[in-house]
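Worksheet: the structure to be examined is printed underneath.
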Amino acid sequence: MNAELWLPVIFAGLMALSMLIYVVLDGYDLGVGVLLPLGNDEERDAMIASIGPFWDANETWLVLGVGLLLVAFPMAHGIILGQLYLPVAIMLLGLILRGVAFDFRVKAQAHHQPAWNLAFAAGSLLASLSQGVMLGRYLTGFAPGAGAWGFALLTGLGLTAAYVLLGAGWLIMKSSGQLQQRATRWAQWALAGTALAVLLVSVATPLASSRIAAKWFVLPDFLLLLPLPLISVALFGLLAASLPRLAARQRAGQDALCWLPFACTVGIVLLAFWGLAYSVFPEIVIGQLDIWQAASDPEALWVILAGAAVVLPTIIAYTVFAYRVFWGKAGKLSYS
Amino acid sequence: MDSLDPVILARIQFAANITFHILFPTISIAMGWVLLYFKARFNRSGDEAWMDAYGFWVKIFALTFALGVVSGITMSFQFGTNWPGFMQHVGNVAGPLLAYEVLTAFFLEATFLGIMLFGRAKVSNRVHTLATFLVAFGTTVSAFWIIVLNSWMQTPAGVEVIAGKVHVQSWLAVIFNPSMPYRLTHMLLASGLTVAFLVAGVSAYRWLRGDRAAAVAHTLKTGVSLAALLIPLQVLVGDMHGLNTFHHQPAKLAAIEGVWHTERGAPLLLFALPDEATQSNRFEVGIPKLASLIITHHPDGEIRGLNEFPNAHPPVAKVFWSFRVMVGVGMLMLAVSWLAWWQLRRGQLAPWLQRGLVAMTFSGWVATVAGWYVTEIGRQPWLVTGILRTADAASTVGSGMILSTLLMYLALYVVLLASYVSVVFYLARKAAPAANLEGAQP
């Protein structure tokens, strides 16, 4: 076996895995942040309590994903983040604002609280939008022109809608009473937006890139890939059908299946991510670099891989442990 | 225009971000262990005051940690955007070290932080203590890896350079490079001192306002004792670090001491205005032969001057003065902490000394940042000493883009820093239950 051939593939896989975990985990807490202004004072505290113990670790997956890009594909890191300089700066501004607002809103003087709430919501929105714009710019290979930027804006809105759907699903699962019912309504709105965005992106991507179109619309690959869109459509259908029923049952005081919307959304994100990864692989900067051209020396990759093989399973194990500690409905956040 | 040179802008932007970032890990590294100490005191004695102390300081820890996390995310992006040449040339060393930091430290601290902060009612006391330990341990492991990388950039070892690219020959030599043990100890002690003065300062502030909770007395004593214990160690380690610099980075040492021309029996300069144009100091005030005595342990020992490093020595005035700020704050810390320790042993702190401690609440930040300026500016013009020049690693991102984002970051950092400091003191005021207040002023 030739290490120069498969080491970059493994690292592309690890990086994609980190980004996927990031999108799901920080996706729900960014989504809750975007939804924050819709709640009243009491609901806002409950919303933030539901993500309180997790957000620090959730954001660490972004550091790992970008870190892997930096250490395993340094040339691609330079090109991609150089091209995305402005949206990255805006995203960082958003992440910084919301990260600190999280603590400041409960610790600062009472009359500053509305400002920090605003910073939390605005920061979450900025981060979500700019991540979506970054995705769109990346998929077009940083093409110039209004069309490419229009596409990036579309993915910006689309990813934000998906994060909001994740966030609403998270709240349905982790809250109860009036907040849960309102979250169900928010989920219905976000569902429509997400479905529209996924549809538009799915149609626009092969139109924008003949190379990606060629990868999808060729037999037998097309038939093998067909389950991806079909299961996605089924999950969207399940969500659309279940949300009103869940709402009715919640009003009757029944809470079974409260995890279903979140699980379906995670499923949709997984499938969409898989579709995008299939479209891009094995390139890392579309139209410019593939993963083998961009990869670091095998000597460095070996050292990292040895560590990752031991540490990553441990990380996943204690992450599961942390989620189990805070399993079930979120209580009030308290240091005691 | 020279001032809009993209390399300079990229350096200023990186320096701004890393300066802002380092403030918070400097606190959270040692604060984790201090919290574990509070927890252990409570576990052993059952004295609720120690848990009150924990409860108060864990809030400040959470705030500090959040600021560290978000400012650290910025760093992971800017390594590549501002210094693409860095990974290209030394990626074989820097890549694994950075990856190990994320894998072994970041997840550990961030994950168990949730349990440490909000899990007290959800897990057993033992698991909660364990979570506190793992967070403290994670912050320290993180410091270890990043200091290894920084020290390797200062004093590279264990590699061979082929066509401008480093290849590792011995990871042990890379990790235990010549300056690593000194820099790591120096930084951990700096973190301990920063936290000691933060705890002492905030506790003195609460005491001055009449908060007589037992927890305040406990933490005041903890902060003062820790400071008094660590500062002599820091002086000792700082001296050893200086000797290490003398051997491995003589140009940096010459800049620290303001020695333009190789000389024997060099004086220890207390004041001078180093002038690059004339290659000399103006208004020198020094103690004869003392620099040679401290560094070579001989009054007539030779110190190599900046003249031996043409076009390869750091900007002198910045290094010279940063060093004096660091040492000056350190000396002040020594005086204040020993005096406070002495007074506490005999009874109570004099009010003026309490105010002095309040004024020095964030003195650790000043010394730590000044110290980092010495070591980082002192490495210039090299990014990796002898291997890669800073200018050869800089990016091609336009100066307009860097300047506008730099201004955005600076504005944000000023607001956040002001908010942080004001919230720390606000929490201190809010912590006092009315019953504990003994009049407005003691």
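Convention: chains lettered A, B, ... in structure tokens order; per-chain residue numbering from 1; ligands numbered from 1 as shown.
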
- Message: I'd like the contact shell of segment 207-217 of chain B - 12 Å cut-off, only C-alpha atoms, skipping same-chain residues fewer than 3 positions apart - returned as a PyMOL selection string.
- Response: chain B and resi 38+41-42+47-57+199-204+220-224+344+347-358+425+428-442

Keeping only C-alpha atoms, write those residues as an mmCIF file, in the first residue's frame.
```
data_model
loop_
_atom_site.group_PDB
_atom_site.id
_atom_site.type_symbol
_atom_site.label_atom_id
_atom_site.label_comp_id
_atom_site.auth_asym_id
_atom_site.auth_seq_id
_atom_site.Cartn_x
_atom_site.Cartn_y
_atom_site.Cartn_z
ATOM 1 C CA PHE B 38 -10.605 25.262 46.681
ATOM 2 C CA ARG B 41 -10.025 22.122 50.736
ATOM 3 C CA PHE B 42 -13.803 21.792 50.816
ATOM 4 C CA ASP B 47 -15.957 24.092 55.235
ATOM 5 C CA GLU B 48 -18.670 25.629 53.039
ATOM 6 C CA ALA B 49 -16.631 28.831 52.710
ATOM 7 C CA TRP B 50 -14.244 27.008 50.364
ATOM 8 C CA MET B 51 -17.188 26.010 48.201
ATOM 9 C CA ASP B 52 -18.389 29.639 48.248
ATOM 10 C CA ALA B 53 -14.933 30.610 47.062
ATOM 11 C CA TYR B 54 -15.201 27.982 44.333
ATOM 12 C CA GLY B 55 -18.674 29.205 43.373
ATOM 13 C CA PHE B 56 -17.499 32.790 43.026
ATOM 14 C CA TRP B 57 -14.277 32.094 41.120
ATOM 15 C CA VAL B 199 -7.494 36.545 43.351
ATOM 16 C CA ALA B 200 -5.744 38.740 45.905
ATOM 17 C CA GLY B 201 -6.839 41.957 44.171
ATOM 18 C CA VAL B 202 -10.495 41.025 43.826
ATOM 19 C CA SER B 203 -10.592 39.643 47.379
ATOM 20 C CA ALA B 204 -8.997 42.838 48.714
ATOM 21 C CA LEU B 220 -7.283 36.809 50.073
ATOM 22 C CA LYS B 221 -4.912 34.622 52.011
ATOM 23 C CA THR B 222 -4.651 32.110 49.154
ATOM 24 C CA GLY B 223 -3.867 34.820 46.600
ATOM 25 C CA VAL B 224 -1.270 36.584 48.733
ATOM 26 C CA LEU B 344 -1.400 38.848 57.012
ATOM 27 C CA GLY B 347 -3.072 39.997 61.590
ATOM 28 C CA GLN B 348 -4.675 42.226 59.019
ATOM 29 C CA LEU B 349 -3.636 44.068 55.905
ATOM 30 C CA ALA B 350 -3.201 47.815 56.173
ATOM 31 C CA PRO B 351 -5.883 49.560 54.080
ATOM 32 C CA TRP B 352 -3.261 51.171 51.839
ATOM 33 C CA LEU B 353 -1.850 47.770 51.044
ATOM 34 C CA GLN B 354 -5.335 46.449 50.314
ATOM 35 C CA ARG B 355 -5.726 49.282 47.829
ATOM 36 C CA GLY B 356 -2.312 48.432 46.434
ATOM 37 C CA LEU B 357 -3.458 44.867 45.828
ATOM 38 C CA VAL B 358 -6.616 46.130 44.105
ATOM 39 C CA PHE B 425 -15.413 43.871 39.682
ATOM 40 C CA ALA B 428 -17.217 41.037 43.233
ATOM 41 C CA ARG B 429 -19.674 43.723 44.341
ATOM 42 C CA LYS B 430 -22.686 41.542 43.629
ATOM 43 C CA ALA B 431 -21.261 38.578 45.547
ATOM 44 C CA ALA B 432 -21.615 40.296 48.904
ATOM 45 C CA PRO B 433 -24.863 39.359 50.616
ATOM 46 C CA ALA B 434 -26.162 42.276 52.672
ATOM 47 C CA ALA B 435 -25.589 40.339 55.916
ATOM 48 C CA ASN B 436 -21.849 40.206 55.361
ATOM 49 C CA LEU B 437 -21.372 43.911 54.912
ATOM 50 C CA GLU B 438 -19.734 45.586 57.892
ATOM 51 C CA GLY B 439 -20.431 49.201 57.137
ATOM 52 C CA ALA B 440 -19.506 50.832 53.884
ATOM 53 C CA GLN B 441 -15.786 51.220 54.599
ATOM 54 C CA PRO B 442 -13.619 49.298 57.040
#
```

Residues of chain B no more than 8 Å from chain A, counting only C-alpha atoms: send them over as a short mmCIF file (atom, residue, chain, number, x, y, z; two decimals) with C-alpha atoms, in the first residue's frame.
```
data_model
loop_
_atom_site.label_atom_id
_atom_site.label_comp_id
_atom_site.auth_asym_id
_atom_site.auth_seq_id
_atom_site.Cartn_x
_atom_site.Cartn_y
_atom_site.Cartn_z
CA GLY B 55 -18.67 29.21 43.37
CA LYS B 59 -17.96 32.26 37.35
CA ALA B 62 -16.19 30.51 32.88
CA LEU B 63 -16.09 34.05 31.54
CA ALA B 66 -15.16 31.70 26.94
CA LEU B 67 -12.99 34.65 25.94
CA VAL B 69 -11.99 29.92 23.33
CA VAL B 70 -13.40 32.50 20.95
CA SER B 71 -10.15 34.45 20.62
CA ILE B 73 -10.62 30.23 17.15
CA THR B 74 -9.35 33.39 15.46
CA SER B 76 -6.55 28.83 14.06
CA PHE B 77 -7.64 30.78 10.99
CA GLY B 80 -2.80 30.12 7.53
CA THR B 81 -4.14 33.43 6.27
CA PRO B 84 1.09 30.71 4.66
CA MET B 87 3.31 25.67 7.26
CA GLN B 88 4.99 25.41 3.87
CA GLY B 91 4.74 22.23 8.64
CA ASN B 92 6.41 18.93 9.45
CA VAL B 93 7.06 20.24 12.95
CA ALA B 94 4.25 22.75 13.47
CA GLY B 95 1.47 20.58 12.03
CA PRO B 96 1.73 17.65 14.43
CA LEU B 98 -0.76 22.03 16.71
CA ALA B 99 -2.82 18.92 15.97
CA TYR B 100 -1.77 17.35 19.27
CA VAL B 102 -6.29 20.40 19.67
CA LEU B 103 -6.68 16.65 20.10
CA THR B 104 -5.26 16.18 23.59
CA PHE B 106 -8.95 21.53 23.60
CA PHE B 107 -11.65 18.89 23.65
CA LEU B 108 -10.76 17.74 27.15
CA ALA B 110 -14.09 22.31 26.68
CA THR B 111 -16.09 19.13 27.29
CA PHE B 112 -15.48 18.79 31.01
CA LEU B 113 -16.00 22.53 31.45
CA GLY B 114 -19.74 21.94 30.94
CA ILE B 115 -19.80 19.38 33.76
CA LEU B 117 -19.75 24.58 35.55
CA PHE B 118 -23.26 23.21 35.43
CA GLY B 119 -23.02 19.59 36.47
CA ARG B 120 -22.69 19.84 40.25
CA ALA B 121 -26.26 18.68 40.82
CA LYS B 122 -26.08 16.10 38.03
CA VAL B 123 -23.00 14.09 38.96
CA VAL B 397 -3.68 39.16 1.16
CA MET B 401 -8.31 43.88 3.59
CA THR B 405 -10.30 43.64 9.55
CA TYR B 409 -10.77 43.33 15.68
CA VAL B 423 -17.75 42.52 35.00
CA TYR B 426 -19.19 43.92 39.26
CA LEU B 427 -19.35 40.23 40.20
#
```

- Message: So that I can check the surroundings of segment 279-292 of chain A, please list as number ranges by chain every protein, DNA and RNA residue that reaches within 9 Å of it, counting only C-alpha atoms and ignoring chain neighbours fewer than 4 positions away.
- Response: A: 4-9, 12, 73, 75-76, 79-80, 138-142, 211-213, 215-216, 274-275, 296

- Task: Kindly indicate which residue among A:Gly156, A:Gly193, A:Pro229, A:Pro244 lies nearest to Phe273 of chain A, using only C-alpha atoms for the distances.
- Result: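 Using only C-alpha atoms, the shortest distance to Phe273 of chain A belongs to A:Pro229.
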
- Task: May I ask which of the residues A:Tyr28, A:Phe262, A:Phe151, A:Phe222 is the closest one to Thr184 of chain A, counting only C-alpha atoms?
- Result: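 Going through A:Tyr28, A:Phe262, A:Phe151, A:Phe222 one by one, the smallest distance to Thr184 of chain A is for A:Phe262.
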
- atom CA of Val336 of chain B to atom CA of Ala227 of chain B, straight-line distance in Å: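 We find that atom CA of Ala227 of chain B and atom CA of Val336 of chain B lie 9.1 Å from each other.
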
- Which residues, written as a PyMOL selection string, have at least one atom at most 12 Å from Gly150 of chain A, with only C-alpha atoms counted and residues fewer than 2 positions away on the same chain left out? chain A and resi 132-133+136-137+140+143-148+152-157+200-201+204+208

File of the preceding selection, N, CA and C atoms, as a PDB file, in the first residue's frame:
```pdb
ATOM      1  N   GLY A 132     -22.478  29.905   5.673  1.00  0.00           N
ATOM      2  CA  GLY A 132     -23.174  29.498   4.459  1.00  0.00           C
ATOM      3  C   GLY A 132     -22.582  30.165   3.220  1.00  0.00           C
ATOM      4  N   VAL A 133     -22.244  31.449   3.353  1.00  0.00           N
ATOM      5  CA  VAL A 133     -21.617  32.160   2.232  1.00  0.00           C
ATOM      6  C   VAL A 133     -20.269  31.520   1.901  1.00  0.00           C
ATOM      7  N   GLY A 136     -20.866  28.443  -0.089  1.00  0.00           N
ATOM      8  CA  GLY A 136     -21.229  28.757  -1.469  1.00  0.00           C
ATOM      9  C   GLY A 136     -20.033  29.204  -2.293  1.00  0.00           C
ATOM     10  N   ARG A 137     -19.210  30.063  -1.700  1.00  0.00           N
ATOM     11  CA  ARG A 137     -18.010  30.529  -2.408  1.00  0.00           C
ATOM     12  C   ARG A 137     -17.089  29.348  -2.694  1.00  0.00           C
ATOM     13  N   THR A 140     -18.304  27.084  -5.638  1.00  0.00           N
ATOM     14  CA  THR A 140     -18.120  27.607  -6.989  1.00  0.00           C
ATOM     15  C   THR A 140     -16.639  27.763  -7.330  1.00  0.00           C
ATOM     16  N   ALA A 143     -15.497  31.509  -7.820  1.00  0.00           N
ATOM     17  CA  ALA A 143     -15.712  32.144  -9.118  1.00  0.00           C
ATOM     18  C   ALA A 143     -16.149  33.593  -8.924  1.00  0.00           C
ATOM     19  N   PRO A 144     -15.684  34.490  -9.798  1.00  0.00           N
ATOM     20  CA  PRO A 144     -16.139  35.876  -9.716  1.00  0.00           C
ATOM     21  C   PRO A 144     -17.535  36.013 -10.328  1.00  0.00           C
ATOM     22  N   GLY A 145     -18.118  37.196 -10.229  1.00  0.00           N
ATOM     23  CA  GLY A 145     -19.375  37.450 -10.916  1.00  0.00           C
ATOM     24  C   GLY A 145     -20.580  37.397 -10.001  1.00  0.00           C
ATOM     25  N   ALA A 146     -21.632  38.082 -10.446  1.00  0.00           N
ATOM     26  CA  ALA A 146     -22.837  38.221  -9.627  1.00  0.00           C
ATOM     27  C   ALA A 146     -23.522  36.876  -9.420  1.00  0.00           C
ATOM     28  N   GLY A 147     -23.484  36.032 -10.436  1.00  0.00           N
ATOM     29  CA  GLY A 147     -24.147  34.739 -10.319  1.00  0.00           C
ATOM     30  C   GLY A 147     -23.561  33.904  -9.197  1.00  0.00           C
ATOM     31  N   ALA A 148     -22.218  33.849  -9.153  1.00  0.00           N
ATOM     32  CA  ALA A 148     -21.553  33.056  -8.123  1.00  0.00           C
ATOM     33  C   ALA A 148     -21.832  33.629  -6.738  1.00  0.00           C
ATOM     34  N   ALA A 152     -23.770  32.121  -3.477  1.00  0.00           N
ATOM     35  CA  ALA A 152     -23.217  32.121  -2.116  1.00  0.00           C
ATOM     36  C   ALA A 152     -24.224  32.699  -1.119  1.00  0.00           C
ATOM     37  N   LEU A 153     -24.938  33.739  -1.532  1.00  0.00           N
ATOM     38  CA  LEU A 153     -25.952  34.301  -0.636  1.00  0.00           C
ATOM     39  C   LEU A 153     -27.049  33.279  -0.370  1.00  0.00           C
ATOM     40  N   LEU A 154     -27.396  32.544  -1.436  1.00  0.00           N
ATOM     41  CA  LEU A 154     -28.419  31.507  -1.301  1.00  0.00           C
ATOM     42  C   LEU A 154     -27.966  30.437  -0.303  1.00  0.00           C
ATOM     43  N   THR A 155     -26.723  29.968  -0.435  1.00  0.00           N
ATOM     44  CA  THR A 155     -26.260  28.965   0.518  1.00  0.00           C
ATOM     45  C   THR A 155     -26.162  29.564   1.922  1.00  0.00           C
ATOM     46  N   GLY A 156     -25.879  30.869   1.985  1.00  0.00           N
ATOM     47  CA  GLY A 156     -25.849  31.533   3.299  1.00  0.00           C
ATOM     48  C   GLY A 156     -27.203  31.437   3.981  1.00  0.00           C
ATOM     49  N   LEU A 157     -28.245  31.799   3.240  1.00  0.00           N
ATOM     50  CA  LEU A 157     -29.595  31.718   3.805  1.00  0.00           C
ATOM     51  C   LEU A 157     -29.978  30.265   4.075  1.00  0.00           C
ATOM     52  N   LEU A 200     -32.941  24.279  -4.079  1.00  0.00           N
ATOM     53  CA  LEU A 200     -32.279  25.230  -4.974  1.00  0.00           C
ATOM     54  C   LEU A 200     -30.788  24.918  -5.117  1.00  0.00           C
ATOM     55  N   VAL A 201     -30.150  24.606  -3.993  1.00  0.00           N
ATOM     56  CA  VAL A 201     -28.717  24.314  -4.058  1.00  0.00           C
ATOM     57  C   VAL A 201     -28.473  23.038  -4.866  1.00  0.00           C
ATOM     58  N   ALA A 204     -28.925  24.058  -8.430  1.00  0.00           N
ATOM     59  CA  ALA A 204     -27.965  25.047  -8.926  1.00  0.00           C
ATOM     60  C   ALA A 204     -26.555  24.479  -9.020  1.00  0.00           C
ATOM     61  N   ALA A 208     -24.210  24.961 -12.088  1.00  0.00           N
ATOM     62  CA  ALA A 208     -23.059  25.859 -11.982  1.00  0.00           C
ATOM     63  C   ALA A 208     -21.764  25.139 -12.344  1.00  0.00           C
TER      64      ALA A 208
END
```

Tell me which protein, DNA and RNA residues are within 12 Å of Leu403 of chain B, counting only C-alpha atoms, leaving out same-chain ones fewer than 2 positions away, and put them as a tab-separated table (two decimals) with N, CA and C atoms, in the first residue's frame.
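Output file part33.tsv is given in full below:
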```
chain	number	residue	atom	x	y	z
A	86	LEU	N	-12.74	37.79	4.01
A	86	LEU	CA	-13.76	38.67	4.57
A	86	LEU	C	-14.88	37.89	5.27
A	89	ALA	N	-13.58	36.66	8.51
A	89	ALA	CA	-13.47	37.70	9.54
A	89	ALA	C	-14.84	38.00	10.15
B	3	SER	N	4.08	52.40	6.08
B	3	SER	CA	3.32	51.91	7.22
B	3	SER	C	2.20	50.97	6.77
B	4	LEU	N	1.88	50.95	5.47
B	4	LEU	CA	0.84	50.06	5.00
B	4	LEU	C	1.41	48.80	4.35
B	5	ASP	N	2.69	48.58	4.58
B	5	ASP	CA	3.32	47.35	4.12
B	5	ASP	C	2.54	46.14	4.65
B	6	PRO	N	2.08	45.24	3.74
B	6	PRO	CA	1.25	44.12	4.20
B	6	PRO	C	1.92	43.24	5.26
B	7	VAL	N	3.26	43.12	5.19
B	7	VAL	CA	3.92	42.28	6.20
B	7	VAL	C	3.77	42.91	7.58
B	8	ILE	N	3.99	44.24	7.63
B	8	ILE	CA	3.85	44.93	8.92
B	8	ILE	C	2.41	44.81	9.42
B	9	LEU	N	1.45	45.02	8.49
B	9	LEU	CA	0.04	44.94	8.89
B	9	LEU	C	-0.31	43.54	9.37
B	10	ALA	N	0.18	42.53	8.63
B	10	ALA	CA	-0.11	41.15	9.05
B	10	ALA	C	0.48	40.89	10.42
B	11	ARG	N	1.66	41.45	10.69
B	11	ARG	CA	2.27	41.26	12.00
B	11	ARG	C	1.48	41.97	13.08
B	12	ILE	N	1.05	43.22	12.77
B	12	ILE	CA	0.29	43.95	13.79
B	12	ILE	C	-1.02	43.23	14.09
B	13	GLN	N	-1.67	42.74	13.01
B	13	GLN	CA	-2.94	42.06	13.22
B	13	GLN	C	-2.76	40.78	14.04
B	14	PHE	N	-1.74	40.02	13.67
B	14	PHE	CA	-1.48	38.79	14.41
B	14	PHE	C	-1.12	39.10	15.86
B	397	VAL	N	-2.42	38.44	0.97
B	397	VAL	CA	-3.68	39.16	1.16
B	397	VAL	C	-3.40	40.66	1.16
B	398	GLY	N	-4.24	41.45	0.47
B	398	GLY	CA	-3.98	42.87	0.28
B	398	GLY	C	-4.03	43.66	1.58
B	399	SER	N	-3.28	44.78	1.62
B	399	SER	CA	-3.21	45.54	2.87
B	399	SER	C	-4.56	46.15	3.24
B	400	GLY	N	-5.37	46.52	2.22
B	400	GLY	CA	-6.68	47.11	2.54
B	400	GLY	C	-7.53	46.15	3.35
B	401	MET	N	-7.52	44.90	2.91
B	401	MET	CA	-8.31	43.88	3.59
B	401	MET	C	-7.81	43.66	5.02
B	405	THR	N	-9.97	44.64	8.54
B	405	THR	CA	-10.30	43.64	9.55
B	405	THR	C	-9.54	43.91	10.85
B	406	LEU	N	-8.32	44.45	10.72
B	406	LEU	CA	-7.56	44.78	11.92
B	406	LEU	C	-8.31	45.80	12.77
B	407	LEU	N	-8.85	46.83	12.10
B	407	LEU	CA	-9.59	47.86	12.84
B	407	LEU	C	-10.82	47.26	13.52
B	408	MET	N	-11.47	46.35	12.80
B	408	MET	CA	-12.65	45.70	13.38
B	408	MET	C	-12.27	44.92	14.64
B	409	TYR	N	-11.19	44.12	14.53
B	409	TYR	CA	-10.77	43.33	15.68
B	409	TYR	C	-10.39	44.24	16.86
B	410	LEU	N	-9.64	45.32	16.54
B	410	LEU	CA	-9.18	46.19	17.63
B	410	LEU	C	-10.37	46.79	18.37
```

- Just give me the gap between atom CA of Pro288 of chain B and atom CA of Ala190 of chain B in Å, one decimal is fine.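 Between atom CA of Pro288 of chain B and atom CA of Ala190 of chain B the gap works out to 29.5 Å.
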
- Task: Based on DSSP run over this structure's backbone, return all residues of segment 46-164 of chain B in helix (DSSP H, G or I), as a ChimeraX atom specification.
- Result: /B:48-82,84-118,125-154

Could you write out the selected residues, including C-alpha atoms, as a short mmCIF file (atom, residue, chain, number, x, y, z; two decimals), in the first residue's frame?
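The file below, part.cif, is the result:
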```
data_model
loop_
_atom_site.label_atom_id
_atom_site.label_comp_id
_atom_site.auth_asym_id
_atom_site.auth_seq_id
_atom_site.Cartn_x
_atom_site.Cartn_y
_atom_site.Cartn_z
CA GLU B 48 -18.67 25.63 53.04
CA ALA B 49 -16.63 28.83 52.71
CA TRP B 50 -14.24 27.01 50.36
CA MET B 51 -17.19 26.01 48.20
CA ASP B 52 -18.39 29.64 48.25
CA ALA B 53 -14.93 30.61 47.06
CA TYR B 54 -15.20 27.98 44.33
CA GLY B 55 -18.67 29.21 43.37
CA PHE B 56 -17.50 32.79 43.03
CA TRP B 57 -14.28 32.09 41.12
CA VAL B 58 -15.78 29.50 38.82
CA LYS B 59 -17.96 32.26 37.35
CA ILE B 60 -14.90 34.33 36.52
CA PHE B 61 -13.23 31.19 35.22
CA ALA B 62 -16.19 30.51 32.88
CA LEU B 63 -16.09 34.05 31.54
CA THR B 64 -12.32 33.89 31.08
CA PHE B 65 -12.51 30.51 29.41
CA ALA B 66 -15.16 31.70 26.94
CA LEU B 67 -12.99 34.65 25.94
CA GLY B 68 -10.03 32.31 25.53
CA VAL B 69 -11.99 29.92 23.33
CA VAL B 70 -13.40 32.50 20.95
CA SER B 71 -10.15 34.45 20.62
CA GLY B 72 -8.36 31.15 20.07
CA ILE B 73 -10.62 30.23 17.15
CA THR B 74 -9.35 33.39 15.46
CA MET B 75 -5.81 32.13 15.82
CA SER B 76 -6.55 28.83 14.06
CA PHE B 77 -7.64 30.78 10.99
CA GLN B 78 -4.87 33.34 11.04
CA PHE B 79 -1.98 30.90 11.14
CA GLY B 80 -2.80 30.12 7.53
CA THR B 81 -4.14 33.43 6.27
CA ASN B 82 -1.38 35.64 7.67
CA PRO B 84 1.09 30.71 4.66
CA GLY B 85 4.87 30.27 4.39
CA PHE B 86 5.00 29.00 7.97
CA MET B 87 3.31 25.67 7.26
CA GLN B 88 4.99 25.41 3.87
CA HIS B 89 8.47 25.50 5.40
CA VAL B 90 8.07 24.08 8.90
CA GLY B 91 4.74 22.23 8.64
CA ASN B 92 6.41 18.93 9.45
CA VAL B 93 7.06 20.24 12.95
CA ALA B 94 4.25 22.75 13.47
CA GLY B 95 1.47 20.58 12.03
CA PRO B 96 1.73 17.65 14.43
CA LEU B 97 2.33 19.92 17.45
CA LEU B 98 -0.76 22.03 16.71
CA ALA B 99 -2.82 18.92 15.97
CA TYR B 100 -1.77 17.35 19.27
CA GLU B 101 -2.79 20.50 21.11
CA VAL B 102 -6.29 20.40 19.67
CA LEU B 103 -6.68 16.65 20.10
CA THR B 104 -5.26 16.18 23.59
CA ALA B 105 -6.20 19.47 25.22
CA PHE B 106 -8.95 21.53 23.60
CA PHE B 107 -11.65 18.89 23.65
CA LEU B 108 -10.76 17.74 27.15
CA GLU B 109 -11.05 21.19 28.69
CA ALA B 110 -14.09 22.31 26.68
CA THR B 111 -16.09 19.13 27.29
CA PHE B 112 -15.48 18.79 31.01
CA LEU B 113 -16.00 22.53 31.45
CA GLY B 114 -19.74 21.94 30.94
CA ILE B 115 -19.80 19.38 33.76
CA MET B 116 -17.53 21.50 35.94
CA LEU B 117 -19.75 24.58 35.55
CA PHE B 118 -23.26 23.21 35.43
CA ASN B 125 -19.05 15.14 44.07
CA ARG B 126 -16.21 12.86 43.05
CA VAL B 127 -16.99 13.13 39.33
CA HIS B 128 -17.34 16.89 39.72
CA THR B 129 -13.91 17.05 41.33
CA LEU B 130 -12.58 14.88 38.51
CA ALA B 131 -14.12 17.21 35.92
CA THR B 132 -12.44 20.18 37.62
CA PHE B 133 -9.14 18.33 37.53
CA LEU B 134 -9.52 17.43 33.84
CA VAL B 135 -10.24 21.04 32.90
CA ALA B 136 -7.17 22.24 34.80
CA PHE B 137 -5.11 19.43 33.30
CA GLY B 138 -6.40 20.24 29.79
CA THR B 139 -5.43 23.91 30.03
CA THR B 140 -1.94 22.91 31.15
CA VAL B 141 -1.52 20.32 28.39
CA SER B 142 -2.59 22.97 25.90
CA ALA B 143 0.06 25.32 27.28
CA PHE B 144 2.63 22.54 27.00
CA TRP B 145 2.12 21.92 23.26
CA ILE B 146 1.96 25.55 22.23
CA ILE B 147 5.05 26.39 24.29
CA VAL B 148 6.85 23.44 22.71
CA LEU B 149 6.07 24.89 19.28
CA ASN B 150 6.99 28.42 20.27
CA SER B 151 10.24 27.29 21.90
CA TRP B 152 11.12 25.26 18.84
CA MET B 153 10.62 28.41 16.74
CA GLN B 154 13.02 30.19 19.10
#
```

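Nearest residue to Pro381 of chain B, choosing from B:Ser419, B:Thr368, B:Asn311, B:Ser337 and counting only C-alpha atoms: B:Asn311.
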